[in-house]
file work_19.txt (compact mmCIF, C-alpha atoms)
# COMPACT_ATOMS: atom_id res chain seq x y z
CA MET A 289 0.00 0.00 0.00
CA SER A 290 1.45 3.34 -1.02
CA ASP A 291 1.33 6.61 0.91
CA ARG A 292 -1.32 7.82 -1.54
CA ASP A 293 -3.52 4.79 -0.75
CA ILE A 294 -3.14 5.39 2.99
CA ILE A 295 -4.18 9.04 2.57
CA ASP A 296 -7.21 7.98 0.48
CA VAL A 297 -8.30 5.43 3.12
CA THR A 298 -7.83 7.95 5.93
CA ALA A 299 -9.82 10.60 4.05
CA ARG A 300 -12.58 8.11 3.31
CA ASP A 301 -12.70 6.97 6.97
CA SER A 302 -12.82 10.60 8.09
CA ALA A 303 -15.68 11.35 5.69
CA VAL A 304 -17.62 8.30 6.90
CA ALA A 305 -17.06 9.35 10.53
CA GLU A 306 -18.27 12.89 9.84
CA GLY A 307 -21.30 11.54 7.97
CA LEU A 308 -22.17 9.28 10.90
CA LYS A 309 -21.78 12.20 13.28
CA ALA A 310 -24.11 14.33 11.14
CA TRP A 311 -26.73 11.55 11.14
CA GLY A 312 -26.22 11.19 14.87
CA TRP A 313 -26.94 14.89 15.39
CA VAL A 314 -30.07 14.70 13.24
CA SER A 315 -31.28 11.77 15.31
CA TYR A 316 -30.41 13.44 18.63
CA LEU A 317 -32.22 16.64 17.60
CA LEU A 318 -35.35 14.71 16.60
CA HIS A 319 -35.22 12.82 19.91
CA LEU A 320 -34.69 16.11 21.74
CA VAL A 321 -37.78 17.69 20.19
CA VAL A 322 -39.84 14.67 21.24
CA ALA A 323 -38.27 14.52 24.73
CA VAL A 324 -38.77 18.23 25.48
CA ALA A 325 -42.33 18.12 24.20
CA ALA A 326 -43.02 15.09 26.40
CA VAL A 327 -41.98 17.08 29.48
CA VAL A 328 -43.75 20.34 28.56
CA PRO A 329 -47.49 20.28 29.31
CA SER A 330 -49.77 20.55 26.27
CA ALA A 331 -46.92 20.10 23.77
CA GLN A 332 -47.72 17.21 21.47
CA PRO A 333 -44.83 16.13 19.28
CA SER A 334 -45.54 13.81 16.46
CA ILE A 335 -44.65 10.18 17.01
CA VAL A 336 -43.45 10.38 13.42
CA LEU A 337 -40.38 12.37 14.56
CA LEU A 338 -39.47 9.63 17.00
CA LEU A 339 -39.98 6.94 14.37
CA ILE A 340 -37.82 8.83 11.85
CA ALA A 341 -35.04 9.10 14.43
CA LEU A 342 -35.37 5.42 15.31
CA VAL A 343 -35.18 4.37 11.64
CA ILE A 344 -32.06 6.53 11.17
CA ASP A 345 -30.45 4.84 14.16
CA LEU A 346 -31.37 1.34 13.03
CA VAL A 347 -30.15 1.92 9.46
CA LYS A 348 -26.89 3.68 10.36
CA GLN A 349 -25.97 1.53 13.37
CA GLY A 350 -24.16 -1.01 11.18
CA GLU A 351 -21.93 1.65 9.62
CA ALA A 352 -20.86 2.80 13.09
CA ARG A 353 -19.68 -0.63 14.24
CA GLY A 354 -16.21 -0.46 15.74
CA THR A 355 -16.21 3.32 16.17
CA TRP A 356 -16.86 5.53 19.20
CA GLN A 357 -20.15 6.48 17.54
CA GLU A 358 -21.50 2.93 17.77
CA SER A 359 -22.41 3.52 21.39
CA HIS A 360 -24.55 6.52 20.45
CA PHE A 361 -26.70 4.58 18.00
CA SER A 362 -27.33 1.78 20.49
CA TRP A 363 -27.85 4.35 23.30
CA ARG A 364 -30.65 6.05 21.38
CA ILE A 365 -32.24 2.76 20.31
CA ARG A 366 -32.19 1.45 23.89
CA SER A 367 -33.55 4.76 25.20
CA VAL A 368 -36.54 4.60 22.86
CA ALA A 369 -37.13 0.91 23.57
CA TRP A 370 -37.03 1.33 27.35
CA ALA A 371 -39.16 4.49 27.31
CA GLY A 372 -41.72 2.79 25.07
CA LEU A 373 -41.84 -0.27 27.30
CA LEU A 374 -42.17 1.85 30.43
CA TYR A 375 -44.97 3.93 28.88
CA ILE A 376 -46.84 0.75 27.93
CA VAL A 377 -46.38 -0.84 31.37
CA THR A 378 -47.57 2.30 33.16
CA ALA A 379 -50.44 3.05 30.75
CA PRO A 380 -53.02 1.25 32.94
CA LEU A 381 -52.32 3.78 35.69
CA TRP A 382 -54.00 6.39 33.48
CA LEU A 383 -57.14 4.28 33.26
CA PHE A 384 -57.55 3.69 36.97
CA PHE A 385 -55.51 6.34 38.76
CA LEU A 386 -54.99 9.62 36.94
CA ILE A 387 -52.41 11.19 39.26
CA PRO A 388 -50.09 8.12 39.52
CA GLY A 389 -50.26 7.77 35.73
CA TRP A 390 -49.29 11.40 35.26
CA ILE A 391 -46.42 11.05 37.75
CA ALA A 392 -45.12 7.86 36.13
CA TRP A 393 -45.20 9.30 32.63
CA SER A 394 -43.58 12.53 33.81
CA LEU A 395 -40.72 10.58 35.38
CA ILE A 396 -40.27 8.47 32.24
CA SER A 397 -40.24 11.61 30.08
CA ILE A 398 -37.66 13.32 32.31
CA TRP A 399 -35.50 10.18 32.25
CA PHE A 400 -35.74 10.07 28.43
CA LEU A 401 -34.80 13.76 28.17
CA TYR A 402 -31.83 13.16 30.50
CA ARG A 403 -30.57 10.30 28.32
CA ILE A 404 -30.83 12.36 25.14
CA VAL A 405 -29.01 15.35 26.65
CA ARG A 406 -26.34 13.08 28.16
CA GLY A 407 -25.76 11.50 24.76
CA MET A 408 -25.58 14.88 23.04
CA VAL A 409 -22.96 16.09 25.52
CA ALA A 410 -20.83 13.00 24.89
CA MET A 411 -21.19 13.32 21.11
CA ASN A 412 -20.22 16.98 21.27
CA GLY A 413 -16.99 15.87 22.95
CA ASN A 414 -16.41 13.13 20.35
CA ARG A 415 -16.74 10.51 23.09
CA ALA A 416 -18.64 7.29 23.37
CA VAL A 417 -21.65 7.41 25.65
CA LEU A 418 -21.30 4.93 28.48
CA ASP A 419 -23.98 3.31 30.62
call {"tool": "encode", "arguments": {"input": "work_19.txt", "output": "structure tokens"}}
result
Amino acid sequence: MSDRDIIDVTARDSAVAEGLKAWGWVSYLLHLVVAVAAVVPSAQPSIVLLLIALVIDLVKQGEARGTWQESHFSWRIRSVAWAGLLYIVTAPLWLFFLIPGWIAWSLISIWFLYRIVRGMVAMNGNRAVLD
């Protein structure tokens, strides 16, 4: 492999990394809109934004394998999966007990917002997000 080939590979790897980071920011921003709206009373974000972000993460996760960005894709996917599961499990509280349902969903929403902000801070520092 010549020096020229090494430079080409490095440039290509750098371009892929920057592309993944851009997709990561798009996903984080979509998650952030949904997370903030979930915490703010009367704000109703579209579930479509969350689904778009989730699809981005699922599609791009494979490209990020072996990089520091891999943790961000799985972090966002796990955050959505856990929040969704927790919302479903606590949904019956809304049917029988309004106040406990509201408290449970508020706590889940705050937890989701925390995870998104924590991931954004790590990405801004070009670091993996750790559990």
call {"tool": "residues_around", "arguments": {"input": "work_19.txt", "residues": "Ala371 in chain A", "least_positions_apart": "4", "cutoff": "7 Å", "atoms": "all atoms listed in the file", "output": "list in words"}}
result
Ser367, Tyr375, Ile396 and Phe400 of chain A
call {"tool": "closest_residue", "arguments": {"input": "work_19.txt", "among": "A:Ala341, A:Leu317, A:Val322, A:Ala352", "to": "Ala416 in chain A", "atoms": "all atoms listed in the file"}}
result
A:Ala352
call {"tool": "axis_aligned_box", "arguments": {"input": "work_19.txt", "around": "range 349-353 of chain A", "padding_each_side": "6 Å", "output": "lines of an AutoDock Vina configuration file"}}
result
center_x = -22.8
center_y = 0.9
center_z = 11.9
size_x = 18.3
size_y = 15.8
size_z = 16.6
call {"tool": "residues_around", "arguments": {"input": "work_19.txt", "residues": "Val321 in chain A", "least_positions_apart": "4", "cutoff": "12 Å", "atoms": "only C-alpha atoms", "output": "list in words"}}
result
Val314, Ser315, Tyr316, Leu317, Ala325, Ala326, Val327, Val328, Ala331, Gln332, Pro333, Ser334, Ile335, Val336, Leu337, Leu338, Ala341, Ser397, Phe400, Leu401, Ile404 and Val405 of chain A
call {"tool": "residues_around", "arguments": {"input": "work_19.txt", "residues": "Asn412 in chain A", "least_positions_apart": "5", "cutoff": "12 Å", "atoms": "all atoms listed in the file", "output": "list in words"}}
result
Lys309, Ala310, Gly312, Trp313, Tyr316, Gln357, His360, Val405, Arg406, Gly407 and Val417 of chain A
call {"tool": "atom_distance", "arguments": {"input": "work_19.txt", "atom1": "CA of Ala410 in chain A", "atom2": "CA of Trp393 in chain A"}}
result
25.8 Å
call {"tool": "closest_residue", "arguments": {"input": "work_19.txt", "among": "A:Asp419, A:Pro380, A:Asn414, A:Gly372", "to": "Trp356 in chain A", "atoms": "all atoms listed in the file"}}
result
A:Asn414
call {"tool": "atom_distance", "arguments": {"input": "work_19.txt", "atom1": "CA of Gly350 in chain A", "atom2": "CA of Asp301 in chain A"}}
result
14.6 Å
call {"tool": "closest_residue", "arguments": {"input": "work_19.txt", "among": "A:Arg403, A:Ala303, A:Ile387, A:Met408", "to": "Val368 in chain A", "atoms": "all atoms listed in the file"}}
result
A:Arg403
